[in-house]
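Below: run.cif (mmCIF, N, CA and C atoms)
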data_run
#
loop_
_atom_site.label_atom_id
_atom_site.label_comp_id
_atom_site.auth_asym_id
_atom_site.auth_seq_id
_atom_site.Cartn_x
_atom_site.Cartn_y
_atom_site.Cartn_z
N MET A 1 154.55 58.25 80.74
CA MET A 1 154.99 59.24 81.69
C MET A 1 155.15 60.57 80.99
N GLN A 2 154.99 61.60 81.78
CA GLN A 2 155.17 62.93 81.23
C GLN A 2 156.33 63.60 81.95
N TYR A 3 157.11 64.32 81.15
CA TYR A 3 158.30 64.98 81.67
C TYR A 3 158.34 66.42 81.21
N ARG A 4 159.03 67.24 81.98
CA ARG A 4 159.39 68.59 81.58
C ARG A 4 160.90 68.67 81.72
N VAL A 5 161.56 69.13 80.67
CA VAL A 5 163.02 69.26 80.69
C VAL A 5 163.34 70.66 81.18
N LEU A 6 163.98 70.75 82.34
CA LEU A 6 164.26 72.04 82.95
C LEU A 6 165.42 72.76 82.29
N ALA A 7 166.34 72.02 81.67
CA ALA A 7 167.45 72.63 80.94
C ALA A 7 166.92 73.27 79.66
N ALA A 8 167.51 74.36 79.24
CA ALA A 8 167.06 75.07 78.04
C ALA A 8 167.52 74.35 76.78
N VAL A 9 166.67 73.49 76.23
CA VAL A 9 166.99 72.75 75.01
C VAL A 9 165.83 72.83 74.02
N GLY A 10 164.98 73.84 74.16
CA GLY A 10 163.80 73.98 73.30
C GLY A 10 164.13 74.01 71.83
N GLY A 11 165.31 74.50 71.47
CA GLY A 11 165.71 74.54 70.07
C GLY A 11 165.99 73.16 69.49
N LEU A 12 166.01 72.15 70.33
CA LEU A 12 166.28 70.78 69.87
C LEU A 12 165.02 69.92 69.85
N ALA A 13 163.86 70.54 69.82
CA ALA A 13 162.61 69.78 69.86
C ALA A 13 162.51 68.75 68.73
N GLU A 14 162.88 69.14 67.52
CA GLU A 14 162.76 68.22 66.39
C GLU A 14 163.73 67.04 66.49
N PRO A 15 165.03 67.27 66.76
CA PRO A 15 165.92 66.12 66.91
C PRO A 15 165.54 65.23 68.10
N VAL A 16 165.08 65.83 69.19
CA VAL A 16 164.64 65.04 70.34
C VAL A 16 163.43 64.19 69.94
N SER A 17 162.49 64.80 69.23
CA SER A 17 161.32 64.04 68.76
C SER A 17 161.74 62.86 67.90
N ASP A 18 162.66 63.09 66.98
CA ASP A 18 163.12 62.02 66.10
C ASP A 18 163.72 60.87 66.90
N ARG A 19 164.55 61.17 67.89
CA ARG A 19 165.19 60.14 68.71
C ARG A 19 164.15 59.39 69.55
N LEU A 20 163.23 60.14 70.15
CA LEU A 20 162.21 59.49 70.97
C LEU A 20 161.29 58.62 70.13
N TRP A 21 160.89 59.11 68.95
CA TRP A 21 160.00 58.33 68.09
C TRP A 21 160.65 57.03 67.63
N ALA A 22 161.98 57.02 67.49
CA ALA A 22 162.69 55.79 67.13
C ALA A 22 162.58 54.76 68.25
N MET A 23 162.43 55.23 69.49
CA MET A 23 162.36 54.34 70.64
C MET A 23 160.91 54.10 71.09
N ASP A 24 160.04 55.07 70.85
CA ASP A 24 158.62 55.00 71.24
C ASP A 24 157.82 55.75 70.18
N PRO A 25 157.25 55.04 69.20
CA PRO A 25 156.52 55.71 68.12
C PRO A 25 155.32 56.53 68.57
N ALA A 26 154.88 56.35 69.81
CA ALA A 26 153.74 57.12 70.31
C ALA A 26 154.17 58.33 71.14
N ALA A 27 155.47 58.58 71.25
CA ALA A 27 155.97 59.69 72.06
C ALA A 27 155.53 61.03 71.47
N LEU A 28 155.29 61.98 72.37
CA LEU A 28 154.93 63.35 71.98
C LEU A 28 155.92 64.32 72.59
N VAL A 29 156.34 65.29 71.81
CA VAL A 29 157.27 66.31 72.29
C VAL A 29 156.74 67.67 71.85
N ASP A 30 156.72 68.62 72.76
CA ASP A 30 156.39 69.99 72.39
C ASP A 30 157.16 70.93 73.30
N VAL A 31 157.00 72.22 73.05
CA VAL A 31 157.70 73.25 73.81
C VAL A 31 156.64 74.07 74.54
N ASP A 32 156.82 74.24 75.86
CA ASP A 32 155.84 75.00 76.63
C ASP A 32 156.09 76.50 76.49
N THR A 33 155.29 77.31 77.16
CA THR A 33 155.38 78.76 77.02
C THR A 33 156.68 79.33 77.58
N ASP A 34 157.37 78.55 78.42
CA ASP A 34 158.67 78.97 78.96
C ASP A 34 159.83 78.53 78.09
N GLY A 35 159.54 77.87 76.96
CA GLY A 35 160.58 77.38 76.07
C GLY A 35 161.20 76.07 76.50
N ARG A 36 160.55 75.38 77.43
CA ARG A 36 161.04 74.09 77.92
C ARG A 36 160.35 72.95 77.18
N LEU A 37 161.09 71.87 76.95
CA LEU A 37 160.50 70.71 76.30
C LEU A 37 159.57 69.99 77.24
N ARG A 38 158.45 69.53 76.69
CA ARG A 38 157.53 68.64 77.40
C ARG A 38 157.51 67.35 76.61
N ILE A 39 157.59 66.24 77.32
CA ILE A 39 157.67 64.93 76.69
C ILE A 39 156.63 64.02 77.31
N SER A 40 155.95 63.29 76.47
CA SER A 40 155.02 62.25 76.91
C SER A 40 155.46 60.96 76.24
N THR A 41 155.76 59.93 77.03
CA THR A 41 156.29 58.69 76.49
C THR A 41 156.09 57.55 77.47
N VAL A 42 156.21 56.34 76.99
CA VAL A 42 156.19 55.17 77.88
C VAL A 42 157.59 54.83 78.37
N LEU A 43 158.59 55.52 77.85
CA LEU A 43 159.98 55.22 78.19
C LEU A 43 160.31 55.66 79.62
N PRO A 44 161.17 54.89 80.30
CA PRO A 44 161.61 55.29 81.63
C PRO A 44 162.62 56.43 81.55
N ASP A 45 162.90 57.03 82.69
CA ASP A 45 163.80 58.19 82.78
C ASP A 45 165.12 57.97 82.04
N ALA A 46 165.77 56.85 82.29
CA ALA A 46 167.09 56.60 81.70
C ALA A 46 167.05 56.62 80.18
N GLU A 47 166.00 56.07 79.59
CA GLU A 47 165.90 56.05 78.13
C GLU A 47 165.55 57.43 77.57
N VAL A 48 164.79 58.21 78.30
CA VAL A 48 164.50 59.58 77.88
C VAL A 48 165.79 60.39 77.90
N LEU A 49 166.58 60.23 78.96
CA LEU A 49 167.86 60.93 79.04
C LEU A 49 168.79 60.49 77.91
N LEU A 50 168.78 59.21 77.57
CA LEU A 50 169.59 58.71 76.46
C LEU A 50 169.15 59.36 75.15
N ALA A 51 167.86 59.39 74.90
CA ALA A 51 167.34 60.01 73.67
C ALA A 51 167.72 61.49 73.60
N LEU A 52 167.60 62.18 74.72
CA LEU A 52 167.98 63.60 74.77
C LEU A 52 169.46 63.76 74.43
N GLY A 53 170.31 62.93 75.01
CA GLY A 53 171.74 63.01 74.75
C GLY A 53 172.08 62.71 73.30
N LEU A 54 171.43 61.70 72.73
CA LEU A 54 171.68 61.35 71.33
C LEU A 54 171.23 62.47 70.38
N ALA A 55 170.28 63.28 70.84
CA ALA A 55 169.80 64.40 70.03
C ALA A 55 170.65 65.66 70.23
N GLY A 56 171.66 65.57 71.10
CA GLY A 56 172.54 66.71 71.32
C GLY A 56 172.17 67.58 72.50
N ALA A 57 171.22 67.14 73.30
CA ALA A 57 170.80 67.89 74.48
C ALA A 57 171.47 67.31 75.71
N CYS A 58 172.37 68.05 76.31
CA CYS A 58 173.05 67.60 77.53
C CYS A 58 172.15 67.93 78.71
N VAL A 59 171.43 66.93 79.18
CA VAL A 59 170.46 67.12 80.26
C VAL A 59 170.86 66.22 81.43
N ALA A 60 171.07 66.82 82.59
CA ALA A 60 171.39 66.07 83.80
C ALA A 60 170.11 65.43 84.34
N PRO A 61 170.23 64.31 85.03
CA PRO A 61 169.03 63.65 85.57
C PRO A 61 168.15 64.58 86.40
N GLN A 62 168.75 65.49 87.15
CA GLN A 62 167.95 66.41 87.98
C GLN A 62 167.20 67.45 87.14
N ASP A 63 167.54 67.56 85.85
CA ASP A 63 166.84 68.50 84.97
C ASP A 63 165.73 67.84 84.17
N LEU A 64 165.43 66.58 84.49
CA LEU A 64 164.31 65.87 83.87
C LEU A 64 163.26 65.70 84.96
N GLU A 65 162.22 66.50 84.89
CA GLU A 65 161.20 66.55 85.94
C GLU A 65 159.96 65.77 85.51
N ARG A 66 159.61 64.76 86.28
CA ARG A 66 158.36 64.03 86.01
C ARG A 66 157.18 64.92 86.34
N GLN A 67 156.18 64.85 85.48
CA GLN A 67 154.97 65.62 85.67
C GLN A 67 153.83 64.69 86.09
N PRO A 68 152.89 65.19 86.87
CA PRO A 68 151.75 64.34 87.22
C PRO A 68 150.93 64.03 85.97
N SER A 69 150.33 62.88 85.97
CA SER A 69 149.50 62.47 84.84
C SER A 69 148.26 63.35 84.77
N ASP A 70 147.87 63.69 83.54
CA ASP A 70 146.61 64.43 83.37
C ASP A 70 145.54 63.51 82.80
N CYS A 71 145.78 62.22 82.94
CA CYS A 71 144.88 61.21 82.43
C CYS A 71 143.86 60.84 83.51
N CYS A 72 142.71 60.40 83.06
CA CYS A 72 141.68 59.98 84.03
C CYS A 72 142.13 58.72 84.74
N GLY A 73 141.60 58.47 85.92
CA GLY A 73 141.99 57.32 86.72
C GLY A 73 141.75 55.98 86.05
N ALA A 74 140.66 55.83 85.34
CA ALA A 74 140.34 54.54 84.72
C ALA A 74 141.37 54.15 83.67
N ALA A 75 141.85 55.12 82.91
CA ALA A 75 142.80 54.82 81.84
C ALA A 75 144.18 54.52 82.39
N SER A 76 144.47 55.01 83.60
CA SER A 76 145.80 54.78 84.18
C SER A 76 145.85 53.53 85.03
N GLY A 77 144.76 52.77 85.05
CA GLY A 77 144.75 51.53 85.81
C GLY A 77 144.26 51.69 87.23
N VAL A 78 143.92 52.91 87.63
CA VAL A 78 143.39 53.15 88.98
C VAL A 78 141.89 52.98 88.92
N ARG A 79 141.37 52.16 89.79
CA ARG A 79 139.93 51.89 89.78
C ARG A 79 139.28 52.55 90.98
N SER A 80 138.16 53.17 90.76
CA SER A 80 137.44 53.77 91.87
C SER A 80 136.57 52.69 92.51
N ARG A 81 136.30 52.85 93.79
CA ARG A 81 135.50 51.87 94.50
C ARG A 81 134.05 52.29 94.51
N SER A 82 133.19 51.39 94.16
CA SER A 82 131.75 51.64 94.21
C SER A 82 131.27 51.39 95.63
N ARG A 83 130.30 52.16 96.03
CA ARG A 83 129.74 51.94 97.37
C ARG A 83 128.33 51.52 97.28
#

As structure tokens, please, write out the structure in this file.
Amino acid sequence: MQYRVLAAVGGLAEPVSDRLWAMDPAALVDVDTDGRLRISTVLPDAEVLLALGLAGACVAPQDLERQPSDCCGAASGVRSRSR
């Protein structure tokens, strides 16, 4: 899943990355042009919020915004129908 953190915690990108990587070694964290964290992980919302909190980022559930997948349909398990 991909998330955008609406609360201003861009300065905590490294500690957030460390916490997420401990829970999901494939997690990716970066900061967008607005200074907001972007997160890509297999973790559900509750675990992402836990990792953020453990890293010192006080983020309310409403400030964790799920982003649409930018992955192709085949890789996400969606199959197209042949005609």

Query raised in the report: So what do you get for atom C of A:Arg4 versus atom N of A:Val31, distance-wise?
Result: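 Separation of atom C of A:Arg4 and atom N of A:Val31: 10.1 Å.
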
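A straight-line distance of 21.8 Å separates atom N of A:Arg19 from atom CA of A:Asp34.
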
Query raised in the report: At most 7 Å from (154.8, 65.1, 83.1), file frame, only N, CA and C atoms: which residues, as a list in words?
Result: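 Within 7 Å of (154.8, 65.1, 83.1), the protein and nucleic acid residues are Met1, Gln2, Tyr3, Arg4, Ile39, Ser40, Glu65, Arg66, Gln67, Pro68 and Ser69 of chain A.
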
Limited to N, CA and C atoms, could you put the picked residues into a file as a compact mmCIF listing (two decimals), keeping the file's coordinate frame?
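The result, written out as selection-v8.txt:
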# COMPACT_ATOMS: atom_id res chain seq x y z
N MET A 1 154.55 58.25 80.74
CA MET A 1 154.99 59.24 81.69
C MET A 1 155.15 60.57 80.99
N GLN A 2 154.99 61.60 81.78
CA GLN A 2 155.17 62.93 81.23
C GLN A 2 156.33 63.60 81.95
N TYR A 3 157.11 64.32 81.15
CA TYR A 3 158.30 64.98 81.67
C TYR A 3 158.34 66.42 81.21
N ARG A 4 159.03 67.24 81.98
CA ARG A 4 159.39 68.59 81.58
C ARG A 4 160.90 68.67 81.72
N ILE A 39 157.59 66.24 77.32
CA ILE A 39 157.67 64.93 76.69
C ILE A 39 156.63 64.02 77.31
N SER A 40 155.95 63.29 76.47
CA SER A 40 155.02 62.25 76.91
C SER A 40 155.46 60.96 76.24
N GLU A 65 162.22 66.50 84.89
CA GLU A 65 161.20 66.55 85.94
C GLU A 65 159.96 65.77 85.51
N ARG A 66 159.61 64.76 86.28
CA ARG A 66 158.36 64.03 86.01
C ARG A 66 157.18 64.92 86.34
N GLN A 67 156.18 64.85 85.48
CA GLN A 67 154.97 65.62 85.67
C GLN A 67 153.83 64.69 86.09
N PRO A 68 152.89 65.19 86.87
CA PRO A 68 151.75 64.34 87.22
C PRO A 68 150.93 64.03 85.97
N SER A 69 150.33 62.88 85.97
CA SER A 69 149.50 62.47 84.84
C SER A 69 148.26 63.35 84.77

Query raised in the report: Mind checking DSSP for chain A and telling me the strand (DSSP E or B) residues as an NGL selection string?
Result: :A and (2-5 or 28-31 or 37-40 or 64-67)

Store the residues picked out above, limited to N, CA and C atoms, as a PDB file, in the frame of the given file.
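Full text of selection-v5.pdb as output:
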ATOM      1  N   GLN A   2     154.990  61.600  81.780  1.00  0.00           N
ATOM      2  CA  GLN A   2     155.170  62.930  81.230  1.00  0.00           C
ATOM      3  C   GLN A   2     156.330  63.600  81.950  1.00  0.00           C
ATOM      4  N   TYR A   3     157.110  64.320  81.150  1.00  0.00           N
ATOM      5  CA  TYR A   3     158.300  64.980  81.670  1.00  0.00           C
ATOM      6  C   TYR A   3     158.340  66.420  81.210  1.00  0.00           C
ATOM      7  N   ARG A   4     159.030  67.240  81.980  1.00  0.00           N
ATOM      8  CA  ARG A   4     159.390  68.590  81.580  1.00  0.00           C
ATOM      9  C   ARG A   4     160.900  68.670  81.720  1.00  0.00           C
ATOM     10  N   VAL A   5     161.560  69.130  80.670  1.00  0.00           N
ATOM     11  CA  VAL A   5     163.020  69.260  80.690  1.00  0.00           C
ATOM     12  C   VAL A   5     163.340  70.660  81.180  1.00  0.00           C
ATOM     13  N   LEU A  28     155.290  61.980  72.370  1.00  0.00           N
ATOM     14  CA  LEU A  28     154.930  63.350  71.980  1.00  0.00           C
ATOM     15  C   LEU A  28     155.920  64.320  72.590  1.00  0.00           C
ATOM     16  N   VAL A  29     156.340  65.290  71.810  1.00  0.00           N
ATOM     17  CA  VAL A  29     157.270  66.310  72.290  1.00  0.00           C
ATOM     18  C   VAL A  29     156.740  67.670  71.850  1.00  0.00           C
ATOM     19  N   ASP A  30     156.720  68.620  72.760  1.00  0.00           N
ATOM     20  CA  ASP A  30     156.390  69.990  72.390  1.00  0.00           C
ATOM     21  C   ASP A  30     157.160  70.930  73.300  1.00  0.00           C
ATOM     22  N   VAL A  31     157.000  72.220  73.050  1.00  0.00           N
ATOM     23  CA  VAL A  31     157.700  73.250  73.810  1.00  0.00           C
ATOM     24  C   VAL A  31     156.640  74.070  74.540  1.00  0.00           C
ATOM     25  N   LEU A  37     161.090  71.870  76.950  1.00  0.00           N
ATOM     26  CA  LEU A  37     160.500  70.710  76.300  1.00  0.00           C
ATOM     27  C   LEU A  37     159.570  69.990  77.240  1.00  0.00           C
ATOM     28  N   ARG A  38     158.450  69.530  76.690  1.00  0.00           N
ATOM     29  CA  ARG A  38     157.530  68.640  77.400  1.00  0.00           C
ATOM     30  C   ARG A  38     157.510  67.350  76.610  1.00  0.00           C
ATOM     31  N   ILE A  39     157.590  66.240  77.320  1.00  0.00           N
ATOM     32  CA  ILE A  39     157.670  64.930  76.690  1.00  0.00           C
ATOM     33  C   ILE A  39     156.630  64.020  77.310  1.00  0.00           C
ATOM     34  N   SER A  40     155.950  63.290  76.470  1.00  0.00           N
ATOM     35  CA  SER A  40     155.020  62.250  76.910  1.00  0.00           C
ATOM     36  C   SER A  40     155.460  60.960  76.240  1.00  0.00           C
ATOM     37  N   LEU A  64     165.430  66.580  84.490  1.00  0.00           N
ATOM     38  CA  LEU A  64     164.310  65.870  83.870  1.00  0.00           C
ATOM     39  C   LEU A  64     163.260  65.700  84.960  1.00  0.00           C
ATOM     40  N   GLU A  65     162.220  66.500  84.890  1.00  0.00           N
ATOM     41  CA  GLU A  65     161.200  66.550  85.940  1.00  0.00           C
ATOM     42  C   GLU A  65     159.960  65.770  85.510  1.00  0.00           C
ATOM     43  N   ARG A  66     159.610  64.760  86.280  1.00  0.00           N
ATOM     44  CA  ARG A  66     158.360  64.030  86.010  1.00  0.00           C
ATOM     45  C   ARG A  66     157.180  64.920  86.340  1.00  0.00           C
ATOM     46  N   GLN A  67     156.180  64.850  85.480  1.00  0.00           N
ATOM     47  CA  GLN A  67     154.970  65.620  85.670  1.00  0.00           C
ATOM     48  C   GLN A  67     153.830  64.690  86.090  1.00  0.00           C
TER      49      GLN A  67
END

Report task. Evaluate the PyMOL selection byres ((chain A and resi 55) around 8) and record the selected residues as a ChimeraX atom specification, following the chain and residue labels used in the document. Result -> /A:12,14-20,49-54,56-58

Report task. Can you give me, as a list of chain:residue names, the residues this file yields under the PyMOL selection byres ((chain A and resi 30) around 8)? Result -> A:Gly10, A:Ala13, A:Ser17, A:Ala27, A:Leu28, A:Val29, A:Val31, A:Asp32, A:Thr33, A:Gly35, A:Arg36, A:Leu37, A:Arg38, A:Ile39, A:Ser40

Query raised in the report: Running DSSP on the backbone, which parts of chain A land in alpha helix (DSSP H), as a list in words?
Result: Ala13, Glu14, Pro15, Val16, Ser17, Asp18, Arg19, Leu20, Trp21, Ala22, Met23, Asp45, Ala46, Glu47, Val48, Leu49, Leu50, Ala51, Leu52, Gly53 and Leu54 of chain A

Report summary line: Correct to one decimal, the distance atom CA of A:Leu43-atom N of A:Ala60 is 16.6 Å

Stretch 52-63 of chain A rebuilt with all heavy atoms, output as a PDB file, in the coordinates of the input:
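So selection.pdb came out as:
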ATOM      1  N   LEU A  52     167.600  62.180  74.720  1.00  0.00           N
ATOM      2  CA  LEU A  52     167.980  63.600  74.770  1.00  0.00           C
ATOM      3  C   LEU A  52     169.460  63.760  74.430  1.00  0.00           C
ATOM      4  O   LEU A  52     169.826  64.623  73.625  1.00  0.00           O
ATOM      5  CB  LEU A  52     167.683  64.187  76.146  1.00  0.00           C
ATOM      6  CG  LEU A  52     166.214  64.430  76.467  1.00  0.00           C
ATOM      7  CD1 LEU A  52     166.011  64.589  77.969  1.00  0.00           C
ATOM      8  CD2 LEU A  52     165.691  65.635  75.718  1.00  0.00           C
ATOM      9  N   GLY A  53     170.310  62.930  75.010  1.00  0.00           N
ATOM     10  CA  GLY A  53     171.740  63.010  74.750  1.00  0.00           C
ATOM     11  C   GLY A  53     172.080  62.710  73.300  1.00  0.00           C
ATOM     12  O   GLY A  53     172.898  63.403  72.699  1.00  0.00           O
ATOM     13  N   LEU A  54     171.430  61.700  72.730  1.00  0.00           N
ATOM     14  CA  LEU A  54     171.680  61.350  71.330  1.00  0.00           C
ATOM     15  C   LEU A  54     171.230  62.470  70.380  1.00  0.00           C
ATOM     16  O   LEU A  54     171.751  62.595  69.277  1.00  0.00           O
ATOM     17  CB  LEU A  54     170.975  60.045  70.975  1.00  0.00           C
ATOM     18  CG  LEU A  54     171.547  58.783  71.633  1.00  0.00           C
ATOM     19  CD1 LEU A  54     170.645  57.584  71.363  1.00  0.00           C
ATOM     20  CD2 LEU A  54     172.969  58.519  71.154  1.00  0.00           C
ATOM     21  N   ALA A  55     170.280  63.280  70.840  1.00  0.00           N
ATOM     22  CA  ALA A  55     169.800  64.400  70.030  1.00  0.00           C
ATOM     23  C   ALA A  55     170.650  65.660  70.230  1.00  0.00           C
ATOM     24  O   ALA A  55     170.387  66.689  69.617  1.00  0.00           O
ATOM     25  CB  ALA A  55     168.342  64.697  70.379  1.00  0.00           C
ATOM     26  N   GLY A  56     171.660  65.570  71.100  1.00  0.00           N
ATOM     27  CA  GLY A  56     172.540  66.710  71.320  1.00  0.00           C
ATOM     28  C   GLY A  56     172.170  67.580  72.500  1.00  0.00           C
ATOM     29  O   GLY A  56     172.749  68.649  72.692  1.00  0.00           O
ATOM     30  N   ALA A  57     171.220  67.140  73.300  1.00  0.00           N
ATOM     31  CA  ALA A  57     170.800  67.890  74.480  1.00  0.00           C
ATOM     32  C   ALA A  57     171.470  67.310  75.710  1.00  0.00           C
ATOM     33  O   ALA A  57     171.168  66.190  76.104  1.00  0.00           O
ATOM     34  CB  ALA A  57     169.277  67.847  74.622  1.00  0.00           C
ATOM     35  N   CYS A  58     172.370  68.050  76.310  1.00  0.00           N
ATOM     36  CA  CYS A  58     173.050  67.600  77.530  1.00  0.00           C
ATOM     37  C   CYS A  58     172.150  67.930  78.710  1.00  0.00           C
ATOM     38  O   CYS A  58     172.098  69.074  79.155  1.00  0.00           O
ATOM     39  CB  CYS A  58     174.400  68.278  77.674  1.00  0.00           C
ATOM     40  SG  CYS A  58     175.553  67.820  76.371  1.00  0.00           S
ATOM     41  N   VAL A  59     171.430  66.930  79.180  1.00  0.00           N
ATOM     42  CA  VAL A  59     170.460  67.120  80.260  1.00  0.00           C
ATOM     43  C   VAL A  59     170.860  66.220  81.430  1.00  0.00           C
ATOM     44  O   VAL A  59     170.984  65.010  81.273  1.00  0.00           O
ATOM     45  CB  VAL A  59     169.029  66.773  79.789  1.00  0.00           C
ATOM     46  CG1 VAL A  59     168.041  66.887  80.932  1.00  0.00           C
ATOM     47  CG2 VAL A  59     168.617  67.677  78.635  1.00  0.00           C
ATOM     48  N   ALA A  60     171.070  66.820  82.590  1.00  0.00           N
ATOM     49  CA  ALA A  60     171.390  66.070  83.800  1.00  0.00           C
ATOM     50  C   ALA A  60     170.110  65.430  84.340  1.00  0.00           C
ATOM     51  O   ALA A  60     169.011  65.966  84.120  1.00  0.00           O
ATOM     52  CB  ALA A  60     171.992  66.997  84.845  1.00  0.00           C
ATOM     53  N   PRO A  61     170.230  64.310  85.030  1.00  0.00           N
ATOM     54  CA  PRO A  61     169.030  63.650  85.570  1.00  0.00           C
ATOM     55  C   PRO A  61     168.150  64.580  86.400  1.00  0.00           C
ATOM     56  O   PRO A  61     166.922  64.494  86.332  1.00  0.00           O
ATOM     57  CB  PRO A  61     169.598  62.508  86.428  1.00  0.00           C
ATOM     58  CG  PRO A  61     170.904  62.194  85.793  1.00  0.00           C
ATOM     59  CD  PRO A  61     171.438  63.527  85.304  1.00  0.00           C
ATOM     60  N   GLN A  62     168.750  65.490  87.150  1.00  0.00           N
ATOM     61  CA  GLN A  62     167.950  66.410  87.980  1.00  0.00           C
ATOM     62  C   GLN A  62     167.200  67.450  87.140  1.00  0.00           C
ATOM     63  O   GLN A  62     166.321  68.134  87.646  1.00  0.00           O
ATOM     64  CB  GLN A  62     168.799  67.084  89.061  1.00  0.00           C
ATOM     65  CG  GLN A  62     169.871  67.993  88.536  1.00  0.00           C
ATOM     66  CD  GLN A  62     171.219  67.304  88.355  1.00  0.00           C
ATOM     67  OE1 GLN A  62     171.296  66.082  88.236  1.00  0.00           O
ATOM     68  NE2 GLN A  62     172.281  68.088  88.321  1.00  0.00           N
ATOM     69  N   ASP A  63     167.540  67.560  85.850  1.00  0.00           N
ATOM     70  CA  ASP A  63     166.840  68.500  84.970  1.00  0.00           C
ATOM     71  C   ASP A  63     165.730  67.840  84.170  1.00  0.00           C
ATOM     72  O   ASP A  63     165.141  68.461  83.288  1.00  0.00           O
ATOM     73  CB  ASP A  63     167.834  69.154  84.006  1.00  0.00           C
ATOM     74  CG  ASP A  63     168.755  70.126  84.722  1.00  0.00           C
ATOM     75  OD1 ASP A  63     168.321  70.725  85.730  1.00  0.00           O
ATOM     76  OD2 ASP A  63     169.906  70.284  84.286  1.00  0.00           O
TER      77      ASP A  63
END
